[in-house]
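With compact mmCIF, C-alpha atoms and all ligand atoms inside, this is upload08.txt:
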```
# COMPACT_ATOMS: atom_id res chain seq x y z
CA MET A 1 -70.47 -57.56 -10.89
CA VAL A 2 -71.32 -61.25 -10.88
CA ASN A 3 -74.05 -62.31 -8.51
CA ASN A 4 -73.12 -65.97 -8.35
CA ALA A 5 -73.76 -66.84 -4.70
CA GLY A 6 -76.72 -69.14 -4.29
CA ILE A 7 -78.12 -71.89 -2.10
CA ASN A 8 -80.90 -74.31 -2.93
CA GLY A 9 -82.90 -75.26 0.16
CA TYR A 10 -84.01 -78.45 -1.57
CA GLY A 11 -86.72 -80.56 0.00
CA PRO A 12 -90.48 -81.04 -0.13
CA PHE A 13 -91.91 -77.56 0.34
CA ALA A 14 -94.03 -78.35 3.38
CA GLU A 15 -91.13 -80.09 5.10
CA VAL A 16 -88.17 -77.80 4.48
CA ASP A 17 -87.15 -75.73 7.47
CA ALA A 18 -88.86 -72.34 7.08
CA GLY A 19 -85.74 -70.52 8.23
CA LEU A 20 -83.71 -72.21 5.49
CA LEU A 21 -86.23 -71.06 2.88
CA THR A 22 -85.85 -67.50 4.15
CA ARG A 23 -82.08 -67.83 3.80
CA VAL A 24 -82.54 -69.04 0.22
CA LEU A 25 -84.56 -65.92 -0.53
CA ASN A 26 -82.04 -63.69 1.25
CA VAL A 27 -79.11 -64.99 -0.79
CA ASN A 28 -80.78 -65.68 -4.14
CA VAL A 29 -83.20 -62.75 -4.24
CA VAL A 30 -82.52 -60.03 -1.66
CA ALA A 31 -78.72 -59.94 -1.98
CA LEU A 32 -78.84 -60.25 -5.77
CA THR A 33 -81.23 -57.30 -5.96
CA ALA A 34 -79.35 -55.14 -3.45
CA LEU A 35 -75.98 -55.77 -5.12
CA THR A 36 -77.37 -55.04 -8.58
CA ARG A 37 -78.88 -51.83 -7.19
CA ALA A 38 -75.53 -50.93 -5.68
CA ALA A 39 -73.61 -51.59 -8.90
CA VAL A 40 -75.76 -50.11 -11.64
CA PRO A 41 -75.97 -46.41 -10.67
CA GLY A 42 -72.20 -45.89 -10.98
CA MET A 43 -71.94 -47.50 -14.39
CA PRO A 44 -73.35 -44.77 -16.69
CA ALA A 45 -70.86 -42.15 -15.49
CA ARG A 46 -67.99 -44.56 -16.14
CA GLY A 47 -69.46 -45.51 -19.51
CA ARG A 48 -68.80 -49.17 -18.90
CA GLY A 49 -69.85 -51.98 -16.61
CA ALA A 50 -71.80 -55.19 -16.54
CA VAL A 51 -73.93 -57.16 -14.12
CA ILE A 52 -74.32 -60.91 -14.51
CA ASN A 53 -76.95 -62.52 -12.34
CA VAL A 54 -76.78 -66.30 -12.04
CA ALA A 55 -80.22 -67.91 -12.25
CA SER A 56 -80.88 -71.52 -13.21
CA LEU A 57 -82.83 -73.59 -15.72
CA PRO A 58 -85.61 -74.45 -13.20
CA ALA A 59 -86.61 -70.79 -13.53
CA PHE A 60 -88.49 -72.16 -16.55
CA ALA A 61 -91.09 -74.92 -16.35
CA GLY A 62 -89.77 -76.20 -13.03
CA ASP A 63 -93.10 -77.90 -12.32
CA LEU A 64 -93.71 -79.43 -15.74
CA PRO A 65 -93.20 -82.91 -17.16
CA PRO A 66 -91.34 -84.81 -18.52
CA ASP A 67 -88.86 -83.78 -15.89
CA PRO A 68 -90.69 -82.02 -13.08
CA LEU A 69 -88.38 -80.80 -10.38
CA PRO A 70 -90.20 -81.22 -7.10
CA ARG A 71 -88.29 -80.24 -3.97
CA ARG A 72 -87.16 -77.03 -5.62
CA ALA A 73 -90.18 -74.74 -5.12
CA VAL A 74 -88.44 -71.80 -3.47
CA TYR A 75 -85.18 -72.33 -5.35
CA ALA A 76 -86.96 -72.32 -8.72
CA GLY A 77 -89.05 -69.35 -7.62
CA SER A 78 -85.96 -67.41 -6.59
CA LYS A 79 -84.32 -68.12 -9.94
CA GLY A 80 -87.51 -67.14 -11.76
CA TYR A 81 -87.27 -63.87 -9.88
CA ALA A 82 -83.67 -63.44 -11.04
CA VAL A 83 -84.80 -63.82 -14.66
CA THR A 84 -87.81 -61.49 -14.41
CA PHE A 85 -85.94 -58.94 -12.34
CA THR A 86 -82.82 -58.80 -14.51
CA ARG A 87 -84.68 -58.24 -17.75
CA THR A 88 -85.97 -54.83 -16.64
CA PRO A 89 -82.70 -53.03 -15.80
CA ALA A 90 -81.32 -54.66 -18.94
CA ALA A 91 -84.13 -53.07 -20.93
CA GLU A 92 -83.62 -49.73 -19.18
CA LEU A 93 -79.95 -49.76 -20.21
CA ALA A 94 -80.51 -51.00 -23.77
CA GLY A 95 -78.66 -48.87 -26.29
CA THR A 96 -75.89 -48.00 -23.83
CA PRO A 97 -72.52 -49.73 -23.54
CA LEU A 98 -73.68 -51.18 -20.21
CA ARG A 99 -74.76 -54.78 -19.97
CA VAL A 100 -77.08 -56.60 -17.59
CA GLN A 101 -77.47 -60.33 -18.12
CA VAL A 102 -79.09 -63.26 -16.40
CA VAL A 103 -77.41 -66.59 -17.07
CA CYS A 104 -79.47 -69.76 -16.63
CA PRO A 105 -77.21 -72.82 -16.44
CA GLY A 106 -78.52 -76.35 -16.40
CA LEU A 107 -76.80 -78.96 -14.27
CA THR A 108 -73.27 -77.75 -13.66
CA ALA A 109 -70.39 -79.75 -12.25
CA THR A 110 -69.99 -78.16 -8.82
CA GLU A 111 -70.74 -79.24 -5.26
CA PHE A 112 -74.08 -77.45 -5.38
CA HIS A 113 -76.44 -80.43 -5.26
CA LEU A 114 -74.73 -82.10 -2.35
CA GLY A 115 -76.00 -79.57 0.18
CA ALA A 116 -79.24 -77.71 0.80
CA GLY A 117 -77.46 -74.63 2.06
CA ASP A 118 -76.74 -76.00 5.47
CA ALA A 119 -77.17 -79.77 5.26
CA PRO A 120 -76.60 -82.69 2.89
CA VAL A 121 -79.49 -83.58 0.59
CA SER A 122 -80.22 -87.28 0.47
CA GLY A 123 -80.66 -88.66 -3.04
CA GLU A 124 -78.97 -85.73 -4.77
CA ARG A 125 -75.62 -87.47 -5.20
CA ARG A 126 -77.10 -89.36 -8.14
CA VAL A 127 -77.83 -86.04 -9.84
CA HIS A 128 -74.33 -84.89 -9.15
CA ASP A 129 -72.81 -88.11 -10.45
CA GLU A 130 -74.45 -87.47 -13.82
CA GLY A 131 -71.92 -84.70 -14.21
CA GLY A 132 -73.13 -81.53 -15.76
CA MET A 133 -71.54 -78.76 -17.76
CA PRO A 134 -68.06 -77.75 -16.60
CA ALA A 135 -68.32 -74.42 -14.74
CA ALA A 136 -65.74 -72.92 -17.11
CA ASP A 137 -68.05 -73.60 -20.07
CA VAL A 138 -70.91 -71.80 -18.29
CA VAL A 139 -68.61 -68.80 -17.85
CA THR A 140 -67.51 -68.92 -21.50
CA ALA A 141 -71.13 -69.04 -22.70
CA SER A 142 -72.13 -66.21 -20.40
CA LEU A 143 -69.31 -63.94 -21.55
CA ALA A 144 -69.95 -64.72 -25.22
CA GLY A 145 -73.64 -63.94 -24.63
CA LEU A 146 -72.69 -60.70 -22.91
CA GLU A 147 -70.62 -59.71 -25.91
CA ALA A 148 -73.54 -60.54 -28.21
CA GLY A 149 -76.01 -58.57 -26.08
CA GLU A 150 -77.92 -61.65 -24.86
CA VAL A 151 -79.96 -60.62 -21.82
CA VAL A 152 -81.19 -64.13 -21.02
CA CYS A 153 -78.34 -66.56 -21.61
CA VAL A 154 -78.97 -70.31 -21.44
CA PRO A 155 -75.51 -71.85 -21.89
CA GLY A 156 -76.52 -75.23 -23.36
CA LEU A 157 -79.38 -73.97 -25.51
CA THR A 158 -79.00 -74.90 -29.18
CA ASP A 159 -82.26 -73.26 -30.36
CA ALA A 160 -81.20 -69.63 -30.53
CA GLU A 161 -84.80 -68.45 -31.00
CA ALA A 162 -86.29 -70.15 -27.94
CA VAL A 163 -85.84 -67.17 -25.63
CA ALA A 164 -87.42 -64.86 -28.20
CA ARG A 165 -90.41 -67.23 -28.52
CA LEU A 166 -90.85 -67.18 -24.74
CA ALA A 167 -90.94 -63.37 -24.80
CA GLU A 168 -93.51 -63.51 -27.62
CA ALA A 169 -95.70 -65.85 -25.59
CA GLU A 170 -95.46 -63.52 -22.60
CA LEU A 171 -96.45 -60.56 -24.75
CA GLY A 172 -99.43 -62.56 -26.00
CA LEU A 173 -100.54 -63.17 -22.42
CA ARG A 174 -100.19 -59.53 -21.49
CA ALA A 175 -101.82 -58.16 -24.61
CA GLY A 176 -104.60 -60.75 -24.54
CA SER A 177 -105.75 -59.92 -21.02
CA GLY A 178 -108.58 -57.38 -21.05
CA SER A 179 -110.24 -55.39 -18.27
CA ARG A 180 -113.27 -57.71 -18.11
CA THR A 181 -113.48 -61.23 -16.78
CA ALA A 182 -112.80 -63.77 -19.49
CA PRO A 183 -115.92 -65.68 -20.66
CA ARG A 184 -114.68 -69.01 -19.31
CA SER A 185 -114.54 -67.50 -15.79
CA SER A 186 -118.09 -66.08 -15.84
CA HIS A 187 -120.86 -68.16 -14.27
CA GLY A 188 -124.15 -68.66 -16.03
CA GLU A 189 -123.07 -67.25 -19.39
N1 LIG A 201 -74.42 -76.39 -9.92
C1 LIG A 201 -75.51 -76.35 -10.69
O1 LIG A 201 -75.98 -77.37 -11.25
C2 LIG A 201 -76.17 -75.01 -10.94
C3 LIG A 201 -77.09 -74.94 -12.00
C4 LIG A 201 -77.71 -73.73 -12.26
C5 LIG A 201 -77.41 -72.62 -11.49
N2 LIG A 201 -76.52 -72.72 -10.45
C6 LIG A 201 -76.25 -71.50 -9.69
O2 LIG A 201 -74.88 -71.22 -9.78
C7 LIG A 201 -74.51 -70.40 -8.65
C8 LIG A 201 -73.22 -70.93 -8.08
O3 LIG A 201 -73.48 -72.22 -7.53
P1 LIG A 201 -72.44 -73.42 -7.63
O4 LIG A 201 -73.00 -74.44 -8.54
O5 LIG A 201 -71.07 -72.90 -7.91
O6 LIG A 201 -72.58 -74.01 -6.17
P2 LIG A 201 -71.58 -74.05 -4.94
O7 LIG A 201 -70.36 -74.77 -5.35
O8 LIG A 201 -72.39 -74.56 -3.81
O9 LIG A 201 -71.22 -72.52 -4.71
C9 LIG A 201 -72.14 -71.61 -4.12
C10 LIG A 201 -71.42 -70.30 -3.87
O10 LIG A 201 -72.34 -69.40 -3.21
C11 LIG A 201 -71.66 -68.81 -2.11
N3 LIG A 201 -72.59 -68.47 -1.03
C12 LIG A 201 -73.58 -69.23 -0.52
N4 LIG A 201 -74.21 -68.59 0.48
C13 LIG A 201 -73.59 -67.39 0.61
C14 LIG A 201 -73.76 -66.26 1.46
N5 LIG A 201 -74.72 -66.24 2.41
N6 LIG A 201 -72.95 -65.20 1.31
C15 LIG A 201 -71.99 -65.21 0.36
N7 LIG A 201 -71.76 -66.24 -0.48
C16 LIG A 201 -72.56 -67.31 -0.36
C17 LIG A 201 -70.67 -69.88 -1.65
O11 LIG A 201 -69.66 -69.26 -0.91
P3 LIG A 201 -68.90 -70.11 0.24
O12 LIG A 201 -68.21 -71.23 -0.45
O13 LIG A 201 -67.99 -69.10 0.83
O14 LIG A 201 -69.98 -70.59 1.15
C18 LIG A 201 -70.20 -70.44 -2.98
O15 LIG A 201 -69.16 -69.65 -3.50
C19 LIG A 201 -75.71 -70.44 -7.70
O16 LIG A 201 -76.41 -69.23 -7.79
C20 LIG A 201 -76.55 -71.59 -8.21
O17 LIG A 201 -77.91 -71.42 -7.93
C21 LIG A 201 -75.89 -73.89 -10.18
```

Translate this structure into structure tokens?
Amino acid sequence: MVNNAGINGYGPFAEVDAGLLTRVLNVNVVALTALTRAAVPGMPARGRGAVINVASLPAFAGDLPPDPLPRRAVYAGSKGYAVTFTRTPAAELAGTPLRVQVVCPGLTATEFHLGAGDAPVSGERRVHDEGGMPAADVVTASLAGLEAGEVVCVPGLTDAEAVARLAEAELGLRAGSGSRTAPRSSHGE
């Protein structure tokens, strides 16, 4: 099962049509979740099966310099969901022959950036003209990652440890958060 369908709804957050943003969430989040839920339960009995959810690089640091990606708030959020969501069923199925992966391509040479889901996006043609990874290479990387048991696959990533370091940082955040307010948040102390 490959959950590849996606739309972007690009535009300044406060200006994008609210209905379009709901459609972005319906395609990128609701459908992806429902289809994964529909696919996974039948896989253990068959002893085989894989789900690949297509996220995107703006799932990570979409707001940060040197290349902040404004106009992608809901898109980046939906792809962040795809990453966070996919990791849990993948963990639940670890040690079985079943595979659940989220692939996070960077700019890919498709028609994606020319439309917001229902309308052209002005200014995005320049992005598209810069090219991007051929879609076939994204597929090759994803399938190689699937074979290798990569849960979070970033096709152009040369630093093989970067995903592991991200997970370590997340664990640090979770483990470092106690049940009392942190000193810097307390007034008068
Ligand atoms: N291109 C990039 O730079 C890039 C980078 C990272 C991630 N991605 C992700 O890659 C995935 C594929 O995008 P793409 O680059 O191939 O863009 P694309 O050429 O615009 O293709 C989008 C695909 O999604 C389908 N789709 C959209 N809305 C749908 C709906 N309501 N129901 C069913 N199918 C729907 C489209 O089907 P129809 O043609 O039938 O409408 C089309 O096959 C997306 O999830 C996107 O977020 C793209």

ask   = Which of these, A:Leu107, A:Val24, A:Val30, A:Ala90, has the shortest distance to A:Leu57 once you count only C-alpha atoms?
value =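 When distances to A:Leu57 are compared using only C-alpha atoms, the smallest one comes from A:Leu107.
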
note = The distance between atom CA of A:Thr181 and atom CA of A:Phe60 is 27.3 Å

key: Site check for ligand LIG 201 (chain A): residues at most 9 Å away, only C-alpha atoms and all ligand atoms, as an NGL selection string   = :A and (3-8 or 23-24 or 26-28 or 31 or 53-58 or 75 or 79 or 103-117 or 127-128 or 131-133 or 135)

Taking C-alpha atoms for each residue, export the selection above as a CSV table (one decimal), in the frame of the given file.
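Output (again.csv):
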```csv
chain,number,residue,atom,x,y,z
A,3,ASN,CA,-74.0,-62.3,-8.5
A,4,ASN,CA,-73.1,-66.0,-8.4
A,5,ALA,CA,-73.8,-66.8,-4.7
A,6,GLY,CA,-76.7,-69.1,-4.3
A,7,ILE,CA,-78.1,-71.9,-2.1
A,8,ASN,CA,-80.9,-74.3,-2.9
A,23,ARG,CA,-82.1,-67.8,3.8
A,24,VAL,CA,-82.5,-69.0,0.2
A,26,ASN,CA,-82.0,-63.7,1.2
A,27,VAL,CA,-79.1,-65.0,-0.8
A,28,ASN,CA,-80.8,-65.7,-4.1
A,31,ALA,CA,-78.7,-59.9,-2.0
A,53,ASN,CA,-77.0,-62.5,-12.3
A,54,VAL,CA,-76.8,-66.3,-12.0
A,55,ALA,CA,-80.2,-67.9,-12.2
A,56,SER,CA,-80.9,-71.5,-13.2
A,57,LEU,CA,-82.8,-73.6,-15.7
A,58,PRO,CA,-85.6,-74.4,-13.2
A,75,TYR,CA,-85.2,-72.3,-5.4
A,79,LYS,CA,-84.3,-68.1,-9.9
A,103,VAL,CA,-77.4,-66.6,-17.1
A,104,CYS,CA,-79.5,-69.8,-16.6
A,105,PRO,CA,-77.2,-72.8,-16.4
A,106,GLY,CA,-78.5,-76.4,-16.4
A,107,LEU,CA,-76.8,-79.0,-14.3
A,108,THR,CA,-73.3,-77.8,-13.7
A,109,ALA,CA,-70.4,-79.8,-12.2
A,110,THR,CA,-70.0,-78.2,-8.8
A,111,GLU,CA,-70.7,-79.2,-5.3
A,112,PHE,CA,-74.1,-77.4,-5.4
A,113,HIS,CA,-76.4,-80.4,-5.3
A,114,LEU,CA,-74.7,-82.1,-2.4
A,115,GLY,CA,-76.0,-79.6,0.2
A,116,ALA,CA,-79.2,-77.7,0.8
A,117,GLY,CA,-77.5,-74.6,2.1
A,127,VAL,CA,-77.8,-86.0,-9.8
A,128,HIS,CA,-74.3,-84.9,-9.2
A,131,GLY,CA,-71.9,-84.7,-14.2
A,132,GLY,CA,-73.1,-81.5,-15.8
A,133,MET,CA,-71.5,-78.8,-17.8
A,135,ALA,CA,-68.3,-74.4,-14.7
```

ask   = Distance atom CA of A:Gly49-atom CA of A:Val100, one decimal place?
value =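 Spanning atom CA of A:Gly49 to atom CA of A:Val100 is a straight-line distance of 8.6 Å.
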
For stretch 42-44 of chain A, please output as an mmCIF file with C-alpha atoms, in the frame of the given file all residues within 12 Å (counting all atoms listed in the file; exclusion window: fewer than 2 positions along the same chain).
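Saved file result-v1.cif follows:
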```cif
data_model
loop_
_atom_site.group_PDB
_atom_site.id
_atom_site.type_symbol
_atom_site.label_atom_id
_atom_site.label_comp_id
_atom_site.auth_asym_id
_atom_site.auth_seq_id
_atom_site.Cartn_x
_atom_site.Cartn_y
_atom_site.Cartn_z
ATOM 1 C CA MET A 1 -70.470 -57.560 -10.890
ATOM 2 C CA THR A 36 -77.370 -55.040 -8.580
ATOM 3 C CA ARG A 37 -78.880 -51.830 -7.190
ATOM 4 C CA ALA A 38 -75.530 -50.930 -5.680
ATOM 5 C CA ALA A 39 -73.610 -51.590 -8.900
ATOM 6 C CA VAL A 40 -75.760 -50.110 -11.640
ATOM 7 C CA ARG A 46 -67.990 -44.560 -16.140
ATOM 8 C CA GLY A 47 -69.460 -45.510 -19.510
ATOM 9 C CA ARG A 48 -68.800 -49.170 -18.900
ATOM 10 C CA GLY A 49 -69.850 -51.980 -16.610
ATOM 11 C CA ALA A 50 -71.800 -55.190 -16.540
ATOM 12 C CA VAL A 51 -73.930 -57.160 -14.120
ATOM 13 C CA GLU A 92 -83.620 -49.730 -19.180
ATOM 14 C CA LEU A 93 -79.950 -49.760 -20.210
ATOM 15 C CA ALA A 94 -80.510 -51.000 -23.770
ATOM 16 C CA GLY A 95 -78.660 -48.870 -26.290
ATOM 17 C CA THR A 96 -75.890 -48.000 -23.830
ATOM 18 C CA PRO A 97 -72.520 -49.730 -23.540
ATOM 19 C CA LEU A 98 -73.680 -51.180 -20.210
ATOM 20 C CA ARG A 99 -74.760 -54.780 -19.970
ATOM 21 C CA VAL A 100 -77.080 -56.600 -17.590
#
```

ask   = At a cut-off of 10 Å from (-79.6, -66.1, -23.5) in the coordinates of the file, what residues are picked up using only C-alpha atoms, written as a list of chain:residue names?
value =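 Checked against the point, the hits come out as A:Gln101, A:Val102, A:Val103, A:Cys104, A:Ala141, A:Ser142, A:Ala144, A:Gly145, A:Leu146, A:Ala148, A:Gly149, A:Glu150, A:Val151, A:Val152, A:Cys153, A:Val154, A:Pro155, A:Gly156, A:Leu157, A:Ala160, A:Glu161, A:Ala162, A:Val163, A:Ala164.
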
message = As an exercise, work out the distance from atom CA of A:Arg71 to atom CA of A:Glu15 in Å and give it to one decimal place.
response =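 Result for atom CA of A:Arg71 versus atom CA of A:Glu15: 9.5 Å, one decimal.
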
ask   = Which is closest to A:Pro12 among A:Ala91, A:Ala182, A:Ala73, A:Ala169, if we use all atoms listed in the file?
value =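 Checking each of A:Ala91, A:Ala182, A:Ala73, A:Ala169 against A:Pro12, counting all atoms listed in the file, the winner is A:Ala73.
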